[in-house]
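As provided, input04.txt (compact mmCIF, C-alpha atoms and all ligand atoms) reads as follows.
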```
# COMPACT_ATOMS: atom_id res chain seq x y z
CA MET A 1 110.73 63.58 114.23
CA HIS A 2 107.89 63.24 111.74
CA MET A 3 108.66 66.55 110.00
CA ASP A 4 112.26 65.52 109.30
CA GLU A 5 110.98 62.42 107.51
CA GLN A 6 108.59 64.46 105.40
CA ILE A 7 111.38 66.84 104.44
CA GLU A 8 113.67 63.91 103.62
CA ALA A 9 110.99 62.43 101.34
CA PHE A 10 110.86 65.71 99.38
CA ARG A 11 114.67 65.87 99.25
CA LEU A 12 114.83 62.36 97.77
CA LYS A 13 112.38 63.49 95.08
CA GLY A 14 114.87 66.22 94.15
CA ALA A 15 113.29 69.18 95.96
CA LYS A 16 115.39 72.04 97.33
CA VAL A 17 114.71 71.68 101.05
CA PRO A 18 115.26 74.27 103.80
CA THR A 19 118.33 74.11 106.05
CA HIS A 20 117.95 73.73 109.83
CA ARG A 21 118.66 77.44 110.30
CA MET A 22 115.65 78.30 108.15
CA ILE A 23 113.31 76.37 110.43
CA LYS A 24 112.79 78.22 113.70
CA THR A 25 112.34 76.59 117.11
CA LYS A 26 109.27 77.27 119.26
CA GLU A 27 111.35 79.67 121.37
CA GLN A 28 112.61 81.56 118.33
CA ILE A 29 109.09 81.75 116.86
CA ASP A 30 107.76 83.27 120.09
CA GLY A 31 110.63 85.78 120.06
CA VAL A 32 110.03 86.81 116.46
CA ARG A 33 106.26 87.00 117.04
CA LYS A 34 106.90 89.48 119.87
CA ALA A 35 109.36 91.49 117.74
CA GLY A 36 106.79 91.49 114.94
CA GLU A 37 104.12 92.82 117.29
CA MET A 38 106.45 95.61 118.42
CA ASN A 39 107.26 96.47 114.80
CA THR A 40 103.54 96.61 113.95
CA LYS A 41 103.07 98.95 116.94
CA VAL A 42 105.75 101.29 115.57
CA LEU A 43 104.04 101.36 112.16
CA ASP A 44 100.64 101.98 113.82
CA TYR A 45 102.15 104.78 115.90
CA ILE A 46 103.68 106.59 112.93
CA GLU A 47 100.56 106.35 110.76
CA PRO A 48 98.73 109.59 111.83
CA TYR A 49 101.94 111.59 111.31
CA VAL A 50 102.39 110.61 107.67
CA LYS A 51 100.70 113.73 106.27
CA GLU A 52 101.39 116.70 104.02
CA GLY A 53 103.89 119.14 105.61
CA ILE A 54 105.91 116.74 107.79
CA SER A 55 109.53 116.02 106.88
CA THR A 56 110.78 112.47 106.48
CA GLY A 57 113.51 113.41 109.01
CA GLU A 58 110.77 114.09 111.57
CA LEU A 59 109.16 110.70 110.80
CA ASP A 60 112.54 109.12 111.45
CA ARG A 61 112.82 110.80 114.86
CA LEU A 62 109.31 109.68 115.79
CA VAL A 63 110.10 106.08 114.80
CA HIS A 64 113.37 106.16 116.73
CA GLU A 65 111.89 107.61 119.93
CA TYR A 66 108.87 105.31 119.96
CA THR A 67 110.93 102.17 119.26
CA ILE A 68 113.23 103.00 122.19
CA LYS A 69 110.19 103.74 124.38
CA LEU A 70 108.97 100.19 123.63
CA GLY A 71 112.33 98.87 124.87
CA CYS A 72 113.37 97.88 121.34
CA ILE A 73 116.04 98.91 118.81
CA PRO A 74 115.49 100.16 115.24
CA ALA A 75 117.32 97.57 113.13
CA CYS A 76 117.99 99.94 110.24
CA LEU A 77 120.11 102.39 112.28
CA ASN A 78 123.79 101.71 111.49
CA TYR A 79 122.89 98.58 109.52
CA LYS A 80 125.76 98.35 107.01
CA GLY A 81 126.23 102.08 107.61
CA TYR A 82 122.60 103.09 107.02
CA PRO A 83 122.26 106.44 108.83
CA LYS A 84 118.60 106.47 109.96
CA SER A 85 116.04 104.34 111.84
CA VAL A 86 113.50 103.89 109.05
CA CYS A 87 113.30 103.93 105.24
CA THR A 88 111.03 106.49 103.58
CA SER A 89 110.63 105.96 99.84
CA ILE A 90 108.64 108.52 97.88
CA ASP A 91 107.16 108.18 94.35
CA GLU A 92 109.94 106.90 91.99
CA VAL A 93 112.05 105.80 94.96
CA VAL A 94 111.64 102.02 95.04
CA CYS A 95 113.12 101.38 98.50
CA HIS A 96 115.82 102.45 101.01
CA GLY A 97 114.98 106.15 100.77
CA ILE A 98 116.88 107.98 103.55
CA PRO A 99 114.86 110.31 105.80
CA ASP A 100 115.84 113.97 105.49
CA ASP A 101 114.78 117.06 107.47
CA GLN A 102 114.64 119.07 104.22
CA ARG A 103 112.31 116.62 102.48
CA ILE A 104 108.75 117.73 103.24
CA LEU A 105 105.84 115.49 102.18
CA LYS A 106 103.70 117.14 99.51
CA GLN A 107 100.14 116.55 98.35
CA GLY A 108 99.97 113.99 95.56
CA GLU A 109 102.96 111.94 96.67
CA ILE A 110 102.96 108.27 97.63
CA ILE A 111 105.36 107.09 100.32
CA ASN A 112 106.50 103.74 101.69
CA VAL A 113 107.49 103.64 105.36
CA ASP A 114 109.60 100.54 106.11
CA CYS A 115 110.36 99.67 109.74
CA THR A 116 112.39 96.85 111.22
CA THR A 117 112.47 96.35 114.99
CA ILE A 118 114.84 94.33 117.18
CA CYS A 119 113.21 93.04 120.37
CA ASN A 120 115.23 90.80 122.74
CA GLY A 121 117.52 90.00 119.84
CA TYR A 122 114.72 88.99 117.44
CA PHE A 123 113.70 90.89 114.29
CA GLY A 124 110.34 91.95 112.83
CA ASP A 125 110.13 93.72 109.43
CA ALA A 126 107.15 95.33 107.64
CA SER A 127 106.24 98.32 105.50
CA ARG A 128 103.15 100.22 104.40
CA MET A 129 102.23 102.80 101.75
CA TYR A 130 100.52 106.15 102.30
CA CYS A 131 98.90 108.59 99.90
CA ILE A 132 99.58 112.23 100.80
CA GLY A 133 96.38 114.25 100.36
CA ASP A 134 94.74 113.91 96.97
CA VAL A 135 96.71 111.48 94.86
CA SER A 136 96.12 110.75 91.16
CA PRO A 137 93.85 107.74 90.47
CA GLU A 138 96.78 106.10 88.64
CA LYS A 139 99.04 106.24 91.70
CA MET A 140 96.22 105.19 94.03
CA ARG A 141 95.62 102.13 91.87
CA LEU A 142 99.34 101.25 91.96
CA VAL A 143 99.30 101.41 95.78
CA GLN A 144 96.14 99.27 95.95
CA VAL A 145 97.27 96.63 93.44
CA THR A 146 100.65 96.31 95.18
CA LYS A 147 98.85 95.61 98.47
CA GLU A 148 96.82 92.97 96.65
CA CYS A 149 100.07 91.46 95.30
CA LEU A 150 101.38 91.11 98.85
CA ASN A 151 98.15 89.52 100.09
CA ILE A 152 98.06 87.10 97.16
CA GLY A 153 101.66 86.13 97.92
CA TYR A 154 100.79 85.61 101.58
CA GLU A 155 97.76 83.45 100.71
CA THR A 156 99.92 81.34 98.37
CA ALA A 157 102.49 80.60 101.09
CA LYS A 158 101.56 77.22 102.58
CA PRO A 159 103.53 74.30 104.05
CA TRP A 160 104.60 71.52 101.69
CA THR A 161 104.36 73.80 98.64
CA PHE A 162 107.21 75.79 97.08
CA LEU A 163 108.51 79.30 97.67
CA GLY A 164 108.77 79.84 93.90
CA ASP A 165 104.98 79.79 93.64
CA VAL A 166 104.72 82.83 95.94
CA GLY A 167 106.60 85.02 93.48
CA VAL A 168 104.67 83.59 90.54
CA ALA A 169 101.37 84.61 92.17
CA VAL A 170 102.68 88.09 93.05
CA ASN A 171 104.06 88.71 89.56
CA ARG A 172 100.95 87.42 87.80
CA HIS A 173 98.71 89.90 89.64
CA ALA A 174 101.06 92.81 88.92
CA MET A 175 101.34 91.89 85.22
CA GLU A 176 97.56 91.47 84.88
CA ASN A 177 97.30 95.07 86.03
CA GLY A 178 99.88 96.36 83.57
CA TYR A 179 102.69 96.79 86.11
CA SER A 180 106.16 95.30 86.47
CA VAL A 181 107.79 93.74 89.51
CA VAL A 182 111.34 94.60 90.60
CA ARG A 183 113.58 91.56 90.04
CA LYS A 184 116.90 92.52 91.66
CA ILE A 185 115.62 93.10 95.18
CA GLY A 186 113.46 90.60 97.05
CA GLY A 187 112.17 89.44 100.40
CA HIS A 188 114.28 87.48 102.86
CA GLY A 189 114.37 85.14 105.79
CA VAL A 190 114.21 87.15 109.00
CA GLY A 191 114.03 86.51 112.74
CA VAL A 192 117.39 85.89 114.37
CA ALA A 193 119.07 88.29 111.94
CA PHE A 194 117.85 91.13 109.69
CA HIS A 195 118.47 89.39 106.38
CA GLU A 196 118.69 85.59 106.37
CA ASP A 197 118.21 82.90 103.76
CA PRO A 198 116.08 82.24 101.81
CA TRP A 199 116.02 85.13 99.36
CA VAL A 200 112.42 85.65 98.23
CA SER A 201 111.88 86.43 94.54
CA HIS A 202 108.66 88.28 93.67
CA ILE A 203 108.84 86.83 90.15
CA GLY A 204 109.26 83.21 91.19
CA THR A 205 109.46 79.91 89.33
CA PRO A 206 106.48 77.52 89.26
CA GLY A 207 107.06 74.66 91.72
CA GLY A 208 110.61 75.91 92.21
CA ASP A 209 112.86 77.27 94.95
CA TYR A 210 112.70 76.02 98.57
CA LEU A 211 110.12 73.66 99.96
CA LEU A 212 108.04 75.59 102.52
CA VAL A 213 107.94 73.95 105.92
CA PRO A 214 106.25 74.94 109.22
CA GLY A 215 108.58 77.18 111.25
CA MET A 216 110.06 79.10 108.32
CA ILE A 217 109.90 82.88 108.75
CA PHE A 218 110.46 85.29 105.87
CA THR A 219 109.23 88.55 104.41
CA ILE A 220 107.17 89.10 101.31
CA GLU A 221 107.75 92.66 100.11
CA PRO A 222 106.97 93.19 96.43
CA MET A 223 108.18 96.39 94.79
CA VAL A 224 105.80 97.11 91.91
CA ASN A 225 106.57 99.75 89.24
CA MET A 226 104.03 101.60 87.11
CA GLY A 227 106.56 101.51 84.26
CA LYS A 228 109.52 99.24 83.59
CA ALA A 229 111.05 96.89 86.17
CA ASP A 230 114.58 98.34 85.95
CA VAL A 231 116.01 100.12 88.98
CA TRP A 232 119.28 101.85 89.90
CA GLN A 233 121.02 102.64 93.14
CA ASP A 234 122.18 106.15 94.00
CA GLU A 235 125.97 106.19 94.33
CA THR A 236 125.97 109.49 96.20
CA ASP A 237 124.19 108.20 99.30
CA GLY A 238 124.84 104.50 98.64
CA TRP A 239 121.24 103.50 99.41
CA THR A 240 118.37 105.13 97.54
CA VAL A 241 116.98 102.82 94.85
CA ARG A 242 114.97 104.49 92.05
CA THR A 243 113.12 103.34 88.96
CA GLU A 244 115.21 103.68 85.82
CA ASP A 245 112.37 105.34 83.89
CA GLY A 246 111.31 107.63 86.76
CA SER A 247 107.87 106.00 87.03
CA PRO A 248 106.27 105.63 90.47
CA SER A 249 106.86 102.48 92.52
CA ALA A 250 104.96 101.01 95.46
CA GLN A 251 105.84 98.41 98.09
CA TRP A 252 104.12 96.65 101.00
CA GLU A 253 105.81 94.17 103.33
CA TYR A 254 104.84 91.50 105.87
CA THR A 255 106.91 89.18 108.00
CA ILE A 256 105.19 85.79 107.82
CA LEU A 257 105.52 82.42 109.56
CA ILE A 258 104.73 79.16 107.77
CA THR A 259 102.39 77.18 110.05
CA GLU A 260 100.95 73.65 109.93
CA THR A 261 97.93 74.88 107.97
CA GLY A 262 99.07 77.97 106.07
CA ALA A 263 100.83 81.11 107.17
CA GLU A 264 100.56 83.68 109.97
CA ILE A 265 101.41 87.36 109.62
CA LEU A 266 103.95 88.24 112.34
CA SER A 267 104.30 91.89 111.33
CA ARG A 268 102.21 94.05 109.02
N1 LIG A 301 113.63 97.00 105.84
C1 LIG A 301 114.28 96.74 104.58
C2 LIG A 301 113.84 95.37 104.15
O1 LIG A 301 112.67 95.16 104.06
C3 LIG A 301 115.76 96.82 104.66
C4 LIG A 301 116.26 98.18 104.93
S1 LIG A 301 117.94 98.12 105.13
C5 LIG A 301 118.34 99.68 105.52
O2 LIG A 301 114.58 94.45 103.95
F1 LIG A 301 119.57 99.67 105.90
F2 LIG A 301 118.13 100.44 104.47
F3 LIG A 301 117.57 100.12 106.48
CO CO A 302 112.43 93.13 104.50
CO CO A 303 111.47 96.14 105.48
```

Could you quickly redo this structure as structure tokens?
Ligand code: MF3
Ligand code: CO
Ligand code: CO
Amino acid sequence: MHMDEQIEAFRLKGAKVPTHRMIKTKEQIDGVRKAGEMNTKVLDYIEPYVKEGISTGELDRLVHEYTIKLGCIPACLNYKGYPKSVCTSIDEVVCHGIPDDQRILKQGEIINVDCTTICNGYFGDASRMYCIGDVSPEKMRLVQVTKECLNIGYETAKPWTFLGDVGVAVNRHAMENGYSVVRKIGGHGVGVAFHEDPWVSHIGTPGGDYLLVPGMIFTIEPMVNMGKADVWQDETDGWTVRTEDGSPSAQWEYTILITETGAEILSR
């Protein structure tokens, strides 16, 4: 196969090349595309409910019920003991915020809703940010710039270039805007499992990391902090990740497929 020869040529030049598992078959790609579409539907469905006065516990129930109605399974539920069907991360919560019936959304908050859907055994993963009512211009700008970081990362992802350049592009845009990018947590291969190789740094190394090849599927999901990059994980619930300095954090996520000519968004 022609592609194998191309990959071999890069390997001989010393490049880190993807394993067979990282390159999906046509059948797998179609399965993940469908799962991605279902996941996007769940995020579209939840959107009008993400308003002042609703609890994150209620958002979780809505996600759960709608996912089941679509004939799918919420991947988060029971994943390594995670107790809910979606992650809801507000203000200084960076990611993995656990929905709670007592936690009511208030005006001025920013929230990330992160959904992952299993459809016929395939996985789609994406997240979006919402501003609750009137939000400060500073927080609105953080949400906007983080979305730009994701789109810049997506546009950088092309076959026969390197994964390390994706993170470099993401980090550059965040830094230019005076923000910092979380280093410890990254994107990931996804499709036949929730979290597969490769791990996707949002800092990156120029020309480094894996060679990108058509058929690779992974997420880009930068977490961008208004203050310092440091984060910590709550030991009480075992999940919630917060900024060390208490500054707000934003995140957007796509599942993307590397194609012959660039990349395709499988879930947004
Ligand atoms: N959806 C998250 C991601 O983008 C992972 C959440 S894991 C959970 O990788 F257990 F917290 F749901
Ligand atoms: Co993800
Ligand atoms: Co996610």

Produce a table with one row for each residue of chain A that has an atom at most 9 Å from any atom of ligand CO 303 (chain A), each row naming the nearest atom pair and its distance in Å at one decimal; use only C-alpha atoms and all ligand atoms; arrange rows by chain and rising residue number; format as JSON lines.
```
{"residue": "A:Cys76", "atom": "CA", "partner": "A:CO303", "partner_atom": "CO", "distance": 8.9}
{"residue": "A:Val86", "atom": "CA", "partner": "A:CO303", "partner_atom": "CO", "distance": 8.8}
{"residue": "A:Cys87", "atom": "CA", "partner": "A:CO303", "partner_atom": "CO", "distance": 8.0}
{"residue": "A:Cys95", "atom": "CA", "partner": "A:CO303", "partner_atom": "CO", "distance": 8.9}
{"residue": "A:His96", "atom": "CA", "partner": "A:CO303", "partner_atom": "CO", "distance": 8.9}
{"residue": "A:Val113", "atom": "CA", "partner": "A:CO303", "partner_atom": "CO", "distance": 8.5}
{"residue": "A:Asp114", "atom": "CA", "partner": "A:CO303", "partner_atom": "CO", "distance": 4.8}
{"residue": "A:Cys115", "atom": "CA", "partner": "A:CO303", "partner_atom": "CO", "distance": 5.6}
{"residue": "A:Thr116", "atom": "CA", "partner": "A:CO303", "partner_atom": "CO", "distance": 5.9}
{"residue": "A:Gly124", "atom": "CA", "partner": "A:CO303", "partner_atom": "CO", "distance": 8.5}
{"residue": "A:Asp125", "atom": "CA", "partner": "A:CO303", "partner_atom": "CO", "distance": 4.8}
{"residue": "A:Ala126", "atom": "CA", "partner": "A:CO303", "partner_atom": "CO", "distance": 4.9}
{"residue": "A:Ser127", "atom": "CA", "partner": "A:CO303", "partner_atom": "CO", "distance": 5.7}
{"residue": "A:Gly187", "atom": "CA", "partner": "A:CO303", "partner_atom": "CO", "distance": 8.4}
{"residue": "A:Thr219", "atom": "CA", "partner": "A:CO303", "partner_atom": "CO", "distance": 8.0}
{"residue": "A:Glu221", "atom": "CA", "partner": "A:CO303", "partner_atom": "CO", "distance": 7.4}
{"residue": "A:Trp252", "atom": "CA", "partner": "A:CO303", "partner_atom": "CO", "distance": 8.6}
{"residue": "A:Glu253", "atom": "CA", "partner": "A:CO303", "partner_atom": "CO", "distance": 6.4}
{"residue": "A:Tyr254", "atom": "CA", "partner": "A:CO303", "partner_atom": "CO", "distance": 8.1}
{"residue": "A:Thr255", "atom": "CA", "partner": "A:CO303", "partner_atom": "CO", "distance": 8.7}
```

**Message:** When you look at Ala250 in chain A with a cut-off of 7 Å (counting all atoms listed in the file), what residues show up, excluding the ones that are within fewer than 3 positions of it in the same chain? I need them as number ranges by chain.
**Reply:** A: 94, 112, 142-143, 146, 223-225

**Between CA of Gly133 in chain A and CA of Ile220 in chain A - distance in Å to one decimal** =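 It comes out at 27.4 Å.
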
**Prompt:** Any idea what the distance is between CA of Cys119 in chain A and CA of Ala35 in chain A?
**Reply:**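 Computed distance, CA of Cys119 in chain A to CA of Ala35 in chain A, equals 4.9 Å.
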
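Residue nearest Tyr49 in chain A, chosen from A:Leu105, A:Val190, A:His64, A:Met140 and counting only C-alpha atoms: A:Leu105.
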
**Asked** Of the candidates A:Asp60, A:Ile256, A:Ile217, A:Trp239, which shows the shortest atom-to-atom distance to Glu196 in chain A, using only C-alpha atoms?
**Response** A:Ile217
